[in-house]
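To be precise, the following lines are structure18.txt, and they hold compact mmCIF, N, CA and C atoms and all ligand atoms.
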```
# COMPACT_ATOMS: atom_id res chain seq x y z
N MET N 663 -144.51 -110.58 147.26
CA MET N 663 -145.95 -110.77 147.25
C MET N 663 -146.31 -111.84 146.22
N PRO N 664 -147.09 -112.86 146.61
CA PRO N 664 -147.46 -113.89 145.64
C PRO N 664 -148.37 -113.34 144.55
N ARG N 665 -148.21 -113.90 143.38
CA ARG N 665 -149.07 -113.47 142.28
C ARG N 665 -150.49 -113.97 142.53
N SER N 666 -151.44 -113.17 142.18
CA SER N 666 -152.83 -113.56 142.32
C SER N 666 -153.19 -114.66 141.34
N THR N 667 -153.95 -115.63 141.82
CA THR N 667 -154.44 -116.68 140.95
C THR N 667 -155.92 -116.47 140.64
N ARG N 668 -156.45 -115.34 141.04
CA ARG N 668 -157.87 -115.05 140.78
C ARG N 668 -158.07 -114.71 139.31
N TRP N 669 -159.24 -115.04 138.82
CA TRP N 669 -159.62 -114.64 137.46
C TRP N 669 -159.91 -113.16 137.48
N PRO N 670 -159.93 -112.53 136.33
CA PRO N 670 -160.25 -111.10 136.30
C PRO N 670 -161.62 -110.84 136.91
N SER N 671 -161.74 -109.74 137.59
CA SER N 671 -163.01 -109.35 138.19
C SER N 671 -164.08 -109.24 137.12
N SER N 672 -165.32 -109.55 137.51
CA SER N 672 -166.42 -109.41 136.56
C SER N 672 -166.64 -107.95 136.17
N ARG N 673 -166.04 -107.04 136.93
CA ARG N 673 -166.16 -105.62 136.60
C ARG N 673 -165.01 -105.13 135.74
N SER N 674 -164.10 -106.04 135.40
CA SER N 674 -162.95 -105.66 134.59
C SER N 674 -163.41 -105.09 133.25
N THR N 675 -162.80 -104.02 132.85
CA THR N 675 -163.14 -103.41 131.56
C THR N 675 -161.92 -103.37 130.64
N THR N 676 -160.91 -104.16 130.96
CA THR N 676 -159.67 -104.07 130.19
C THR N 676 -159.82 -104.51 128.75
N THR N 677 -160.82 -105.32 128.43
CA THR N 677 -160.97 -105.76 127.05
C THR N 677 -162.14 -105.07 126.34
N LEU N 678 -162.81 -104.16 127.01
CA LEU N 678 -163.91 -103.45 126.36
C LEU N 678 -163.39 -102.75 125.11
N GLY N 679 -164.12 -102.92 124.02
CA GLY N 679 -163.75 -102.28 122.78
C GLY N 679 -162.70 -103.02 121.98
N HIS N 680 -162.17 -104.12 122.53
CA HIS N 680 -161.17 -104.89 121.79
C HIS N 680 -161.87 -105.84 120.83
N GLU N 681 -161.18 -106.13 119.73
CA GLU N 681 -161.69 -107.08 118.76
C GLU N 681 -160.57 -108.04 118.41
N LEU N 682 -160.91 -109.30 118.23
CA LEU N 682 -159.94 -110.33 117.90
C LEU N 682 -160.20 -110.81 116.47
N TYR N 683 -159.14 -110.90 115.67
CA TYR N 683 -159.24 -111.40 114.30
C TYR N 683 -158.53 -112.75 114.24
N VAL N 684 -159.24 -113.79 113.80
CA VAL N 684 -158.68 -115.14 113.76
C VAL N 684 -159.00 -115.78 112.41
N THR N 685 -158.26 -116.81 112.07
CA THR N 685 -158.49 -117.47 110.79
C THR N 685 -159.71 -118.38 110.83
N LEU N 686 -159.82 -119.21 111.88
CA LEU N 686 -160.86 -120.23 111.91
C LEU N 686 -161.81 -120.01 113.08
N GLU N 687 -163.05 -120.36 112.88
CA GLU N 687 -164.06 -120.29 113.93
C GLU N 687 -163.53 -120.99 115.19
N SER N 688 -163.86 -120.48 116.34
CA SER N 688 -163.27 -120.94 117.61
C SER N 688 -163.55 -122.40 117.91
N CYS N 689 -162.50 -123.09 118.35
CA CYS N 689 -162.67 -124.42 118.93
C CYS N 689 -163.07 -124.25 120.40
N LEU N 690 -163.28 -125.34 121.10
CA LEU N 690 -163.69 -125.28 122.50
C LEU N 690 -162.67 -124.53 123.37
N LEU N 691 -161.40 -124.81 123.19
CA LEU N 691 -160.37 -124.16 124.02
C LEU N 691 -160.30 -122.67 123.73
N CYS N 692 -160.33 -122.29 122.46
CA CYS N 692 -160.29 -120.86 122.11
C CYS N 692 -161.55 -120.17 122.60
N TRP N 693 -162.70 -120.82 122.45
CA TRP N 693 -163.98 -120.26 122.90
C TRP N 693 -163.90 -119.92 124.40
N ALA N 694 -163.37 -120.86 125.19
CA ALA N 694 -163.26 -120.63 126.63
C ALA N 694 -162.26 -119.51 126.93
N ALA N 695 -161.12 -119.51 126.26
CA ALA N 695 -160.11 -118.47 126.51
C ALA N 695 -160.64 -117.09 126.15
N ILE N 696 -161.40 -117.01 125.07
CA ILE N 696 -161.97 -115.72 124.64
C ILE N 696 -162.94 -115.20 125.69
N ARG N 697 -163.74 -116.10 126.28
CA ARG N 697 -164.70 -115.67 127.30
C ARG N 697 -164.02 -115.33 128.61
N ILE N 698 -163.02 -116.10 128.98
CA ILE N 698 -162.28 -115.78 130.20
C ILE N 698 -161.64 -114.40 130.05
N ALA N 699 -161.13 -114.11 128.86
CA ALA N 699 -160.49 -112.81 128.62
C ALA N 699 -161.50 -111.70 128.36
N ARG N 700 -162.77 -112.07 128.24
CA ARG N 700 -163.85 -111.09 128.02
C ARG N 700 -163.66 -110.28 126.74
N VAL N 701 -163.29 -110.97 125.68
CA VAL N 701 -163.17 -110.29 124.38
C VAL N 701 -164.58 -110.14 123.83
N PRO N 702 -165.03 -108.92 123.59
CA PRO N 702 -166.43 -108.72 123.21
C PRO N 702 -166.76 -109.02 121.75
N LEU N 703 -165.76 -109.02 120.86
CA LEU N 703 -166.06 -109.23 119.44
C LEU N 703 -164.93 -110.01 118.77
N VAL N 704 -165.30 -111.10 118.10
CA VAL N 704 -164.32 -111.94 117.39
C VAL N 704 -164.74 -112.03 115.92
N HIS N 705 -163.80 -111.72 115.04
CA HIS N 705 -164.01 -111.87 113.60
C HIS N 705 -163.24 -113.12 113.17
N PHE N 706 -163.91 -114.05 112.50
CA PHE N 706 -163.21 -115.24 111.99
C PHE N 706 -163.43 -115.34 110.49
N ALA N 707 -162.41 -115.87 109.80
CA ALA N 707 -162.49 -115.95 108.34
C ALA N 707 -163.17 -117.22 107.86
N GLY N 708 -162.74 -118.38 108.37
CA GLY N 708 -163.27 -119.65 107.88
C GLY N 708 -164.19 -120.33 108.87
N PRO N 709 -165.21 -121.02 108.36
CA PRO N 709 -166.11 -121.76 109.25
C PRO N 709 -165.47 -123.05 109.76
N ASP N 710 -165.83 -123.44 110.98
CA ASP N 710 -165.43 -124.74 111.52
C ASP N 710 -166.70 -125.41 112.04
N PRO N 711 -167.32 -126.26 111.23
CA PRO N 711 -168.62 -126.84 111.59
C PRO N 711 -168.59 -127.70 112.85
N GLN N 712 -167.43 -128.22 113.22
CA GLN N 712 -167.37 -129.07 114.41
C GLN N 712 -167.70 -128.29 115.67
N TRP N 713 -167.34 -127.01 115.72
CA TRP N 713 -167.50 -126.23 116.94
C TRP N 713 -168.62 -125.20 116.85
N ARG N 714 -169.44 -125.27 115.80
CA ARG N 714 -170.51 -124.30 115.60
C ARG N 714 -171.44 -124.22 116.80
N PHE N 715 -171.68 -125.35 117.48
CA PHE N 715 -172.63 -125.39 118.60
C PHE N 715 -172.20 -124.50 119.77
N LEU N 716 -170.92 -124.15 119.85
CA LEU N 716 -170.45 -123.34 120.97
C LEU N 716 -171.15 -121.99 121.03
N GLY N 717 -171.55 -121.47 119.90
CA GLY N 717 -172.23 -120.18 119.86
C GLY N 717 -173.57 -120.19 120.57
N GLN N 718 -174.11 -121.38 120.81
CA GLN N 718 -175.42 -121.49 121.46
C GLN N 718 -175.31 -121.67 122.97
N LEU N 719 -174.11 -121.77 123.50
CA LEU N 719 -173.95 -122.09 124.92
C LEU N 719 -174.04 -120.89 125.86
N ALA N 720 -173.68 -119.73 125.42
CA ALA N 720 -173.50 -118.61 126.34
C ALA N 720 -174.81 -118.01 126.84
N GLY N 721 -175.86 -118.02 126.06
CA GLY N 721 -177.07 -117.29 126.37
C GLY N 721 -177.60 -117.40 127.78
N PRO N 722 -178.22 -118.51 128.16
CA PRO N 722 -178.89 -118.57 129.46
C PRO N 722 -177.98 -118.93 130.64
N GLN N 723 -176.72 -119.14 130.42
CA GLN N 723 -175.83 -119.55 131.51
C GLN N 723 -175.45 -118.34 132.36
N PRO N 724 -175.85 -118.30 133.66
CA PRO N 724 -175.53 -117.14 134.51
C PRO N 724 -174.03 -116.86 134.59
N ALA N 725 -173.22 -117.90 134.59
CA ALA N 725 -171.77 -117.69 134.71
C ALA N 725 -171.19 -117.05 133.46
N LEU N 726 -171.93 -117.11 132.34
CA LEU N 726 -171.39 -116.60 131.09
C LEU N 726 -172.08 -115.32 130.62
N VAL N 727 -173.13 -114.91 131.32
CA VAL N 727 -173.94 -113.81 130.81
C VAL N 727 -173.13 -112.52 130.67
N ASP N 728 -172.17 -112.29 131.56
CA ASP N 728 -171.37 -111.07 131.42
C ASP N 728 -170.08 -111.33 130.64
N ARG N 729 -170.02 -112.49 130.00
CA ARG N 729 -168.86 -112.83 129.18
C ARG N 729 -169.29 -113.07 127.72
N ALA N 730 -170.34 -112.40 127.31
CA ALA N 730 -170.86 -112.59 125.96
C ALA N 730 -169.86 -112.09 124.93
N THR N 731 -169.76 -112.83 123.84
CA THR N 731 -168.88 -112.47 122.74
C THR N 731 -169.70 -112.53 121.46
N SER N 732 -169.62 -111.49 120.66
CA SER N 732 -170.25 -111.52 119.35
C SER N 732 -169.27 -112.12 118.35
N MET N 733 -169.77 -113.03 117.54
CA MET N 733 -168.94 -113.67 116.52
C MET N 733 -169.33 -113.13 115.15
N ASP N 734 -168.33 -112.72 114.38
CA ASP N 734 -168.54 -112.18 113.04
C ASP N 734 -167.81 -113.07 112.04
N GLY N 735 -168.53 -113.80 111.22
CA GLY N 735 -167.91 -114.65 110.22
C GLY N 735 -168.89 -115.70 109.76
N PRO N 736 -168.50 -116.55 108.86
CA PRO N 736 -167.23 -116.56 108.14
C PRO N 736 -167.21 -115.56 106.99
N MET N 737 -166.02 -115.27 106.49
CA MET N 737 -165.86 -114.42 105.31
C MET N 737 -166.36 -115.17 104.09
N ALA N 738 -167.07 -114.46 103.22
CA ALA N 738 -167.48 -115.06 101.96
C ALA N 738 -166.30 -115.05 101.00
N GLY N 739 -166.33 -115.94 100.02
CA GLY N 739 -165.34 -115.92 98.95
C GLY N 739 -164.07 -116.68 99.25
N PRO N 740 -163.06 -116.48 98.40
CA PRO N 740 -161.85 -117.32 98.46
C PRO N 740 -161.02 -117.14 99.73
N PHE N 741 -161.03 -115.97 100.36
CA PHE N 741 -160.23 -115.82 101.58
C PHE N 741 -160.83 -116.62 102.74
N GLY N 742 -162.15 -116.65 102.84
CA GLY N 742 -162.78 -117.49 103.85
C GLY N 742 -162.52 -118.97 103.57
N ALA N 743 -162.55 -119.34 102.28
CA ALA N 743 -162.26 -120.72 101.90
C ALA N 743 -160.82 -121.08 102.24
N TRP N 744 -159.90 -120.15 102.01
CA TRP N 744 -158.47 -120.36 102.32
C TRP N 744 -158.29 -120.61 103.82
N ALA N 745 -159.00 -119.85 104.64
CA ALA N 745 -158.87 -119.98 106.10
C ALA N 745 -159.35 -121.34 106.58
N THR N 746 -160.27 -121.94 105.88
CA THR N 746 -160.74 -123.27 106.23
C THR N 746 -159.87 -124.35 105.57
N LEU N 747 -159.38 -124.06 104.38
CA LEU N 747 -158.58 -125.06 103.65
C LEU N 747 -157.29 -125.42 104.38
N LEU N 748 -156.59 -124.44 104.93
CA LEU N 748 -155.29 -124.72 105.55
C LEU N 748 -155.40 -125.70 106.73
N PRO N 749 -156.33 -125.50 107.68
CA PRO N 749 -156.46 -126.50 108.74
C PRO N 749 -156.92 -127.86 108.22
N LEU N 750 -157.72 -127.86 107.14
CA LEU N 750 -158.13 -129.13 106.54
C LEU N 750 -156.92 -129.88 105.99
N VAL N 751 -156.02 -129.17 105.32
CA VAL N 751 -154.82 -129.81 104.78
C VAL N 751 -153.98 -130.39 105.92
N GLU N 752 -153.80 -129.60 106.97
CA GLU N 752 -153.02 -130.08 108.11
C GLU N 752 -153.66 -131.33 108.71
N ARG N 753 -154.99 -131.33 108.83
CA ARG N 753 -155.69 -132.49 109.38
C ARG N 753 -155.55 -133.70 108.48
N LEU N 754 -155.66 -133.48 107.18
CA LEU N 754 -155.54 -134.61 106.25
C LEU N 754 -154.14 -135.22 106.29
N TRP N 755 -153.11 -134.40 106.51
CA TRP N 755 -151.75 -134.93 106.65
C TRP N 755 -151.64 -135.81 107.88
N ARG N 756 -152.26 -135.38 108.99
CA ARG N 756 -152.13 -136.12 110.25
C ARG N 756 -153.06 -137.32 110.33
N ASP N 757 -154.33 -137.14 109.91
CA ASP N 757 -155.34 -138.17 110.06
C ASP N 757 -156.45 -137.92 109.04
N PRO N 758 -156.40 -138.62 107.91
CA PRO N 758 -157.36 -138.32 106.83
C PRO N 758 -158.77 -138.85 107.06
N THR N 759 -159.03 -139.42 108.24
CA THR N 759 -160.37 -139.93 108.51
C THR N 759 -160.86 -139.34 109.83
N GLY N 760 -162.05 -139.69 110.21
CA GLY N 760 -162.54 -139.31 111.53
C GLY N 760 -163.62 -138.26 111.50
N ILE N 761 -164.13 -137.97 112.69
CA ILE N 761 -165.30 -137.10 112.84
C ILE N 761 -165.03 -135.67 112.38
N ARG N 762 -163.79 -135.21 112.57
CA ARG N 762 -163.49 -133.82 112.18
C ARG N 762 -163.63 -133.66 110.66
N ILE N 763 -163.07 -134.58 109.91
CA ILE N 763 -163.20 -134.53 108.45
C ILE N 763 -164.67 -134.74 108.05
N ASP N 764 -165.36 -135.60 108.77
CA ASP N 764 -166.79 -135.83 108.47
C ASP N 764 -167.60 -134.54 108.63
N HIS N 765 -167.33 -133.78 109.70
CA HIS N 765 -168.05 -132.51 109.89
C HIS N 765 -167.80 -131.56 108.73
N PHE N 766 -166.54 -131.44 108.33
CA PHE N 766 -166.22 -130.55 107.21
C PHE N 766 -166.86 -131.06 105.92
N ARG N 767 -166.83 -132.38 105.69
CA ARG N 767 -167.38 -132.92 104.45
C ARG N 767 -168.88 -132.63 104.34
N GLN N 768 -169.58 -132.66 105.47
CA GLN N 768 -171.02 -132.35 105.44
C GLN N 768 -171.27 -130.87 105.21
N SER N 769 -170.39 -130.01 105.70
CA SER N 769 -170.61 -128.56 105.65
C SER N 769 -170.00 -127.89 104.42
N VAL N 770 -168.78 -128.27 104.08
CA VAL N 770 -168.07 -127.63 102.96
C VAL N 770 -167.40 -128.73 102.09
N PRO N 771 -168.23 -129.54 101.41
CA PRO N 771 -167.67 -130.68 100.67
C PRO N 771 -166.69 -130.28 99.57
N ALA N 772 -166.92 -129.16 98.91
CA ALA N 772 -166.00 -128.75 97.84
C ALA N 772 -164.62 -128.42 98.40
N LEU N 773 -164.56 -127.87 99.60
CA LEU N 773 -163.26 -127.58 100.22
C LEU N 773 -162.54 -128.84 100.65
N VAL N 774 -163.28 -129.83 101.13
CA VAL N 774 -162.64 -131.11 101.49
C VAL N 774 -162.10 -131.76 100.23
N ASP N 775 -162.86 -131.72 99.13
CA ASP N 775 -162.37 -132.28 97.86
C ASP N 775 -161.09 -131.57 97.42
N LEU N 776 -161.08 -130.23 97.52
CA LEU N 776 -159.89 -129.48 97.12
C LEU N 776 -158.71 -129.81 98.03
N ALA N 777 -158.94 -129.88 99.33
CA ALA N 777 -157.86 -130.21 100.27
C ALA N 777 -157.29 -131.60 99.96
N GLU N 778 -158.16 -132.57 99.70
CA GLU N 778 -157.67 -133.92 99.37
C GLU N 778 -156.87 -133.91 98.07
N GLN N 779 -157.34 -133.11 97.10
CA GLN N 779 -156.64 -133.02 95.81
C GLN N 779 -155.24 -132.44 95.99
N ILE N 780 -155.11 -131.32 96.73
CA ILE N 780 -153.79 -130.67 96.82
C ILE N 780 -152.86 -131.41 97.77
N VAL N 781 -153.40 -132.23 98.66
CA VAL N 781 -152.53 -133.09 99.47
C VAL N 781 -152.01 -134.24 98.60
N SER N 782 -152.90 -134.86 97.83
CA SER N 782 -152.49 -136.05 97.05
C SER N 782 -151.60 -135.69 95.86
N ASP N 783 -151.77 -134.50 95.26
CA ASP N 783 -150.94 -134.16 94.10
C ASP N 783 -149.65 -133.41 94.48
N GLY N 784 -149.45 -133.18 95.79
CA GLY N 784 -148.20 -132.57 96.24
C GLY N 784 -148.21 -131.05 96.30
N THR N 785 -149.28 -130.42 95.85
CA THR N 785 -149.36 -128.95 95.87
C THR N 785 -149.23 -128.44 97.30
N ALA N 786 -149.94 -129.04 98.24
CA ALA N 786 -149.92 -128.56 99.62
C ALA N 786 -148.52 -128.67 100.23
N ALA N 787 -147.78 -129.71 99.89
CA ALA N 787 -146.43 -129.88 100.43
C ALA N 787 -145.52 -128.74 99.96
N ARG N 788 -145.76 -128.22 98.76
CA ARG N 788 -144.95 -127.11 98.24
C ARG N 788 -145.27 -125.79 98.95
N PHE N 789 -146.42 -125.68 99.60
CA PHE N 789 -146.77 -124.45 100.34
C PHE N 789 -145.73 -124.13 101.41
N VAL N 790 -145.11 -125.16 101.96
CA VAL N 790 -144.18 -124.98 103.09
C VAL N 790 -143.06 -124.00 102.74
N GLY N 791 -142.57 -124.03 101.52
CA GLY N 791 -141.48 -123.15 101.13
C GLY N 791 -141.92 -121.87 100.44
N TRP N 792 -143.21 -121.67 100.32
CA TRP N 792 -143.73 -120.52 99.58
C TRP N 792 -144.24 -119.45 100.53
N THR N 793 -144.37 -118.24 99.99
CA THR N 793 -145.08 -117.19 100.72
C THR N 793 -146.57 -117.49 100.61
N GLN N 794 -147.36 -116.85 101.46
CA GLN N 794 -148.80 -117.04 101.39
C GLN N 794 -149.34 -116.58 100.03
N GLN N 795 -148.77 -115.48 99.50
CA GLN N 795 -149.22 -114.99 98.19
C GLN N 795 -148.95 -116.03 97.10
N GLU N 796 -147.78 -116.67 97.14
CA GLU N 796 -147.46 -117.69 96.14
C GLU N 796 -148.41 -118.88 96.27
N ALA N 797 -148.67 -119.31 97.50
CA ALA N 797 -149.57 -120.45 97.71
C ALA N 797 -150.98 -120.11 97.24
N LEU N 798 -151.45 -118.92 97.60
CA LEU N 798 -152.79 -118.50 97.17
C LEU N 798 -152.89 -118.44 95.65
N ALA N 799 -151.88 -117.85 95.01
CA ALA N 799 -151.90 -117.73 93.55
C ALA N 799 -151.95 -119.11 92.88
N SER N 800 -151.29 -120.09 93.49
CA SER N 800 -151.21 -121.42 92.86
C SER N 800 -152.57 -122.12 92.83
N ILE N 801 -153.48 -121.76 93.74
CA ILE N 801 -154.77 -122.46 93.76
C ILE N 801 -155.95 -121.48 93.75
N TRP N 802 -155.70 -120.22 93.37
CA TRP N 802 -156.75 -119.19 93.45
C TRP N 802 -158.02 -119.61 92.72
N ASP N 803 -157.90 -120.06 91.47
CA ASP N 803 -159.09 -120.41 90.69
C ASP N 803 -159.86 -121.55 91.37
N ASP N 804 -159.13 -122.51 91.94
CA ASP N 804 -159.80 -123.62 92.64
C ASP N 804 -160.50 -123.13 93.91
N LEU N 805 -159.86 -122.16 94.61
CA LEU N 805 -160.49 -121.60 95.80
C LEU N 805 -161.77 -120.85 95.46
N VAL N 806 -161.72 -120.07 94.39
CA VAL N 806 -162.92 -119.32 93.96
C VAL N 806 -164.04 -120.30 93.65
N ALA N 807 -163.71 -121.38 92.94
CA ALA N 807 -164.74 -122.38 92.59
C ALA N 807 -165.26 -123.09 93.85
N ALA N 808 -164.38 -123.44 94.77
CA ALA N 808 -164.79 -124.16 95.98
C ALA N 808 -165.61 -123.26 96.91
N ALA N 809 -165.31 -121.95 96.90
CA ALA N 809 -166.05 -121.02 97.75
C ALA N 809 -167.47 -120.83 97.26
N GLY N 810 -167.68 -121.16 96.00
CA GLY N 810 -169.02 -121.08 95.43
C GLY N 810 -169.51 -119.68 95.35
ZN ZN S 901 -158.78 -123.22 119.04
```
Give the structure from this file in structure tokens form.
Ligand SMILES: [Zn+2]
Amino acid sequence: MPRSTRWPSSRSTTTLGHELYVTLESCLLCWAAIRIARVPLVHFAGPDPQWRFLGQLAGPQPALVDRATSMDGPMAGPFGAWATLLPLVERLWRDPTGIRIDHFRQSVPALVDLAEQIVSDGTAARFVGWTQQEALASIWDDLVAAAG
């Protein structure tokens, strides 16, 4: 019997009551996958200002009305800052310019400054061989200050 290529029925209840925990606010691809999977609640730690507008798309769209997802985040304090800092570091390694960095610089300038600092002084490169606890401890005071 061939596998079905149909999307889940709109009456599917397999994800009712499920919650998803993620580090960063959803990008476009994650946003779509979450709605296709009908995940009703997503908790995210760090803000991603580039994709903030996605939260405004679901409301009046008939195709999305039964695929509503509540978003809970970002976390306040250093853990939320950490969740945003790591993707910023990765982005700065690949491409230190562009619209993505511009969005972050407008929204969380202290975190962009910290990310640029730890990339340029080599701290971020040392994270690769460390545990998350070691990496967090190495910049905890800076994260607290950047989280404001
Ligand atoms: Zn994503």
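For ligand ZN 901 (chain S), the set of protein, DNA and RNA residues within 6 Å, based on only N, CA and C atoms and all ligand atoms, reads Ser688, Cys689, Leu690, Leu691, Cys692 and Trp693 of chain N.
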Mind checking DSSP for chain N and telling me the alpha helix (DSSP H) residues as a ChimeraX atom specification? /N:690-698,740-756,761-769,771-782,785-789,794-809
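Relative to atom C of Leu750 (chain N), atom C of Ala777 (chain N) is found at 6.3 Å.
With distances restricted to only C-alpha atoms, N:Glu687 is the closest residue to Phe715 (chain N) from N:Glu687, N:Ala738, N:Ala699, N:Thr785.
Straight-line separation from atom C of Arg714 (chain N) to atom C of Met733 (chain N): 11.4 Å.
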Once you count only C-alpha atoms, which residues end up no further than 6 Å from (-167.3, -126.6, 107.6) in the file's frame, shown as number ranges by chain? N: 709-711, 766, 769-770
For the selection you just gave me, I'd like the residues written to a file as a short mmCIF file (atom, residue, chain, number, x, y, z; two decimals), in the coordinates of the input, keeping N, CA and C atoms.
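Output (selection-v4.cif):
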```cif
data_model
loop_
_atom_site.label_atom_id
_atom_site.label_comp_id
_atom_site.auth_asym_id
_atom_site.auth_seq_id
_atom_site.Cartn_x
_atom_site.Cartn_y
_atom_site.Cartn_z
N PRO N 709 -165.21 -121.02 108.36
CA PRO N 709 -166.11 -121.76 109.25
C PRO N 709 -165.47 -123.05 109.76
N ASP N 710 -165.83 -123.44 110.98
CA ASP N 710 -165.43 -124.74 111.52
C ASP N 710 -166.70 -125.41 112.04
N PRO N 711 -167.32 -126.26 111.23
CA PRO N 711 -168.62 -126.84 111.59
C PRO N 711 -168.59 -127.70 112.85
N PHE N 766 -166.54 -131.44 108.33
CA PHE N 766 -166.22 -130.55 107.21
C PHE N 766 -166.86 -131.06 105.92
N SER N 769 -170.39 -130.01 105.70
CA SER N 769 -170.61 -128.56 105.65
C SER N 769 -170.00 -127.89 104.42
N VAL N 770 -168.78 -128.27 104.08
CA VAL N 770 -168.07 -127.63 102.96
C VAL N 770 -167.40 -128.73 102.09
#
```
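When only N, CA and C atoms are used to compute distances to Pro702 (chain N), the closest of the residues N:Pro758, N:Ala730, N:Leu747, N:Leu716 turns out to be N:Ala730.
Note that atom C of Ala809 (chain N) and atom C of Leu773 (chain N) are 10.0 Å apart.
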